[in-house]
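A short write-up of the structure that comes next.
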Amino acid sequence: MGSNTAGRPVAITGIGILTSLGRGRAENWARLAAGTSGIHRLTRFPTEGLRTTIGGSVDFMPLEPFSAPALSHAMAREAAIEALAQSGLGEPQAGRRRFPGELFLAAPPVEHEWPQRFGLAHKHPGGASSYDDLLDAAKQDSGALHDDFLFGTIAERLADEFGTSGSPITLSTACASGATAIQLGVEAIRRGQTKAALSIGTDGSIHAESLIRFSLLSALSTANEIPQGAAKPFSKNRDGFVMAEGAAALVLEDVEHAKARGATILALIRGCGEAADTFHRTRSHPSGDAIVAAISAAIADAGLKPEDIGYINAHGTGTPENDKMEGLGVQRVFGPRGETLPISSNKSMIGHTLTAAGAVEAAFSVMTIQNQLLPPTINYTPDPALPLDVVPFTARKATVEFVLSNSFGFGGQNVSLVIGAAP
Amino acid sequence: MTNDVWITGTGLVSALGEGDEGHWAALSDPARWRQAIDSETFKPFHVHPIRTIDLDRYIPRKGDQRQMGPLQQYGAYAAGMALAAAGIAGNADLLKNTHLVVASTGGERDEALDGQIVASLTEKPDREVLLNEQLSTGLRPTLFLAQLPNLFAGNISIVHGVSGSSRTFMGEEAAGIDALRVAFERIGAGQGDCFLIGSAFNAARRDSMLVFQPALLADAMTSLWHRPTGGMTLGSMGTFLVAESRAHAEARGARPLARLRAVMNDRCRREPGAASANAQRQWDAIAPLLGDAPLGLMSGASGAGPITGEERDFLERRAGKAPLAVRGTAAAIGHGMEASFLANVILAISCVGRGSVFPALDPDEPIEATAASGVRQAVVTGWGHWRGEGLALVEAV
């Protein structure tokens with residue numbers, strides 16, 4: 001396929017965003033640009049006895065009963081509807097949607113949760129004390145315990161509703177998943193296989209067990225007293241990330257296809273880069289080689305040089321380890337300029353939306369270019385070990401043509417995107 | 001012009017044993033594969049478990065073994081086998097440019113802890129608060145990492161040094177098909193030239209049986225092709241392949257086991273006939289690629305009805321047009337969910353490598369009646385037990 005030119009830009013013609021800051025891209029951008037935090041005390045479940053009691057949960061879409069796949073689906077759906085409306089693709093005709101391209105969905109892992117287990121145990125005569133008992137009780141189930149808890153179900157339901165073509169892909173590269181969903185879409189368009197792709201990242205998995213699991217890995221901030229101040233990327237006193245929920249959808253499109261139909265191109269995906277780190281399950285190699293490789297590959301794929309990048313949308317989780325390694329990676333790729341190149345973390349305000357983060361932050365990167373305004377890093381206390389310009393506290397006007405968006409995850413996952421201004 | 005895709009290494013471990021030789025021998029001997037089925041441990045369900053596996057062979061460090069549950073171990077083991085077969089294992093330069101695409105599910109839960117919690121808390125009015133306490137003290141941090149789907153790939157990167165990239169697809173049968181499809185498409189278009197693709201499944205776990213329960217066979221074993229909605233017998237397996245562009249393989253002097261000609265996947269709502277319509281489009285697409293020799297067909301039919309019956313009828317119609325040696329492999333190896341399709345691709349490669357198809361697994365079933373020799377091509381089908389219809393075509397080089 002001659003159409004596969006590495007570095008061929010791909011258009012973004014629609015975005016939809018939903019986070020703890022609110023519904024829709026306008027509300028999210030306004031609050032992000034104002035330096036508002038969406039982090040709050042968790043009320044979805046009792047937090048007695050937990051080391052972390054705060055988060056960026058999305059509480060304005062009540063689901064009864066709550067389950068991570070149900071909320072993840074609901075948020076993905078709403079973000080997609082907003083993105084499709086902006087792009088003009090896949091709008092309903094005679095009640096049916098037919099999006100002319102493939103679906104790539106970054107979604108959290110799925111399993112039965114405690115309400116399902118307790119529900120089955122309650123139904124079992126004499127109570128339950130093992131999976132054999134739960135299996136016995138499940139014989140009476142209507143099938144929802146199956147259909148609602150397959151890994152492929154969210155994508156299946158979205159594909160069905162939006163009429164995307166082919167087999168929908170659900171993926172995980174941990175906290176880089178959202179960026180991988182975009183990368184897969186870009187690749188499919190570049191090889192000429194599809195004219196458009198719907199890339200979505202979603203994560204609505206804050207429940208007691210998921211919070212406790214991250215807590216046991218000592219990954220979460222325990223600064224519970226002032227929730228809005230807990231997420232402190234790049235700060236000297238940073239003490240972990242804040243779990244959060246959200247979703248973003250991006251309509252990706254072949255540039256010529258978008259132009260031919262007169263669509264407004266919001267921005268371009270110029271380059272994608274990735275590298276796997278083989279050092280450790282939760283830590284990067286001390287050299288930062290894989291981070292450097294991912295960033296360098298994205299810039300090279302865009303046909304650019306480091307000096308062309310005007311702003312970095314950081315992964316910036318607020319864990320001691322991530323921010324140190326990301327700072328090192330920036331220093332290695334950008335040299336002395338790394339100290340003055342603006343780099344800010346959306347997570348200081350929206351927390352870490354995990355599986356969704358790469359998509360949410362790519363969408364915010366698009367709005368950064370559209371508005372020529374760099375969103376800030378709030379809650380900042382300088383760390384002498386990380387000499388970076390983090391755009392502290394208040395948004396800053398800037399002329400920015402190319403944004404680098406980083407996403408790194410457990411399991412050695414490193415993905416970087418270069419997003420550029422519309423032609 | 002798209003690049004030719006060669007398979008240069010495979011790794012397969014299952015209830016039937018290991019590798020090409022082990023599987024061919026077991027599939028050719030009904031007494032052997034029947035013996036591999038465990039109908040007691042998970043009664044009333046049947047399981048095709050992996051009983052023995054010498055992890056040290058492909059996961060040399062005990063520390064790595066301890067970081068994984070069985071699902072991840074089967075995967076890392078089969079990945080090591082495939083890399084060794086392809087002559088890539090230990091070659092740092094090649095591994096640095098090898099892209100990993102896997103299909104994985106979540107790892108095993110702590111069944112004992114879950115059982116203890118439902119026993120003690122279900123009827124307690126303040127069970128949510130007590131749950132916090134029990135989970136905080138009972139959950140092991142390492143277990144969480146063994147449960148994350150993408151750590152399946154992460155462990156392979158760490159154990160075998162595969163560092164080009166790492167992507168994890170999720171979503172039952174379709175995820176395994178799409179892992180191979182995307183690698184095939186990327187090689188074809190020059191978006192990478194060496195891929196390690198794989199999956200694994202652990203059938204011997206009650207937490208996932210609880211999800212698949214409505215589709216599991218809970219009665220005596222009957223013909224795979226004629227079972228009710230609950231018709232699956234799950235099979236443990238680790239399944240990996242190395243796929244390369246022909247140019248990449250030739251440049252490093254690697255010999256092909258087979259050529260991958262097509263990989264397709266689609267979905268529908270499963271209205272009667274909808275899956276067959278998807279399959280028909282796929283067969284139409286490969287029609288120009290098919291030769292005159294008898295065709296092997298490794299079916300991924302799960303045994304769950306009514307879709308397995310629909311696939312049977314579809315294949316019967318195909319067999320009426322040209323010689324087609326169908327084998328419903330789940331009867332012998334079990335249904336490996338995400339890993340199912342890739343296992344069948346590896347068995348199809350064994351068939352085209354030998355020029356024949358192993359004997360019928362269901363001798364009473366007419367669509368399995370064809371014995372084939374002179375086989376140069378084999379089709380693999382993957383109709384998911386709930387969603388997804390995929391197809392691959394492999395041929396001898």
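Naming works like this for the structure tokens: A, B, ... for the chains as they're shown, residue 1 at the start of each chain, ligands 1 onward in shown order.
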Name the residues of region 287-340 of chain B that fall into strand (DSSP E or B) according to DSSP on the backbone, using the chain letters and numbers of this document, as a tab-separated table (two decimals) with C-alpha atoms, in the first residue's frame.
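Output below, filename part-v4.tsv:
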```tsv
chain	number	residue	atom	x	y	z
B	295	LEU	CA	-8.19	-27.72	1.90
B	296	GLY	CA	-7.62	-28.30	5.60
B	297	LEU	CA	-9.96	-26.45	7.92
B	298	MET	CA	-9.24	-25.90	11.60
B	299	SER	CA	-12.51	-24.71	13.10
B	324	LEU	CA	-12.65	-29.67	2.80
B	325	ALA	CA	-11.15	-31.57	5.74
B	326	VAL	CA	-12.85	-29.93	8.73
B	327	ARG	CA	-11.66	-30.56	12.28
B	328	GLY	CA	-13.44	-29.08	15.28
B	335	HIS	CA	-11.85	-23.98	23.82
```
Show me, as a PyMOL selection string, the residues of chain B whose atoms get within 7 Å of chain A, using only C-alpha atoms for the distance check. chain B and resi 1-2+106+111+115-116+118-119+122+128-129+132-133+135-136+141+144+149-151+154+157-158+161+163-172+189+206-207+210-212+214+265-267
For region 392-395 of chain B, please output as a PyMOL selection string all residues within 8 Å (counting only C-alpha atoms; exclusion window: fewer than 2 positions along the same chain). chain B and resi 258-264+286+345+348-349+352+376-381+390+397
Could you check the closest approach to Ile378 (chain A) for each of A:Ile15, A:Leu328, A:Ala68, A:Ala34 and tell me which residue wins, using only C-alpha atoms? A:Ala34
Distance in Å - CA of Ser14 (chain B) versus CA of Gly355 (chain B): 23.0 Å
Close residues, Glu321 (chain A) itself excluded, 9 Å, only C-alpha atoms, min 6 positions apart in chain, as a list in words: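 In the requested form, the answer reads Gly240, Arg283 and Ser284 of chain A.
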Which residues are near Asp254 (chain A)? Cut-off 12 Å, only C-alpha atoms, ignore same chain within fewer than 6 positions. Put them as a list in words.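 So the residues in contact are Ser3, Asn4, Arg8, Pro9, Val10, Ala11, Ile12, Thr13, Pro100, Gly101, Gly185, Val186, Glu187, Ala188, Ile189, Arg190, Arg191, Gly192, Gln193, Thr194, Lys195, Ala196, Ala197, Ala260, Arg261, Ala263, Ile265, Leu268 and Ile269 of chain A.
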Set the distance at 12 Å and use only C-alpha atoms: which residues neighbour Glu307 (chain A) once local chain neighbours fewer than 4 positions away are removed? I'd like the list as a ChimeraX atom specification. /A:296,299-300,303,311-312,330,333-338,340-341,401-404
For region 231-234 of chain B, find every residue with an atom within 8 Å (counting only C-alpha atoms), except residues of its own chain fewer than 2 positions away, and show them as a PyMOL selection string. chain B and resi 45-48+203+215-218+224+227-229+236+302-305+330-331+334-337
Considering only C-alpha atoms, state which residue in the set B:Phe195, B:Glu311, B:Glu123, B:Met237 is at the smallest distance from Gly126 (chain A).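 With only C-alpha atoms as the atom set, the closest residue is B:Glu123.
The gap separating CA of Gly351 (chain A) from CA of Pro376 (chain A) is 13.5 Å, in Å to one decimal.
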Run DSSP on the backbone and tell me which residues of region 118-329 of chain B come out as helix (DSSP H, G or I); list them as JSON, numbers by chain. {"B": [118, 119, 120, 121, 127, 128, 129, 130, 131, 132, 133, 134, 135, 136, 137, 138, 141, 142, 143, 144, 145, 146, 147, 149, 150, 151, 152, 153, 154, 155, 156, 157, 158, 159, 160, 172, 173, 174, 175, 176, 177, 178, 179, 180, 181, 182, 183, 184, 185, 186, 187, 188, 206, 207, 208, 209, 210, 211, 212, 213, 214, 215, 224, 225, 226, 246, 247, 248, 249, 250, 251, 274, 275, 276, 277, 278, 279, 280, 281, 282, 283, 284, 285, 286, 287, 288, 289, 307, 308, 309, 310, 311, 312, 313, 314, 315, 316, 317, 318, 319]}
For Val162 (chain B), which of B:Lys96, B:Pro323, B:Ala220, B:Arg354 is the closest residue, counting only C-alpha atoms?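 Closest to Val162 (chain B) of all the choices is B:Lys96.
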With distances taken over only C-alpha atoms, the candidate from B:Asp93, B:Leu180, B:Leu131, B:Phe152 nearest Arg252 (chain B) is B:Asp93
Check the smallest atom-to-atom distance from each of A:Ser345, A:Asn322, A:Thr36, A:Thr202 to Thr377 (chain A) using only C-alpha atoms, then report the winner.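 So, comparing all the options, the nearest one is A:Ser345.
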Residue with smallest distance to Glu244 (chain B) - pool B:Ala204, B:Ile59, B:Gly309, B:His99, counting only C-alpha atoms: B:His99
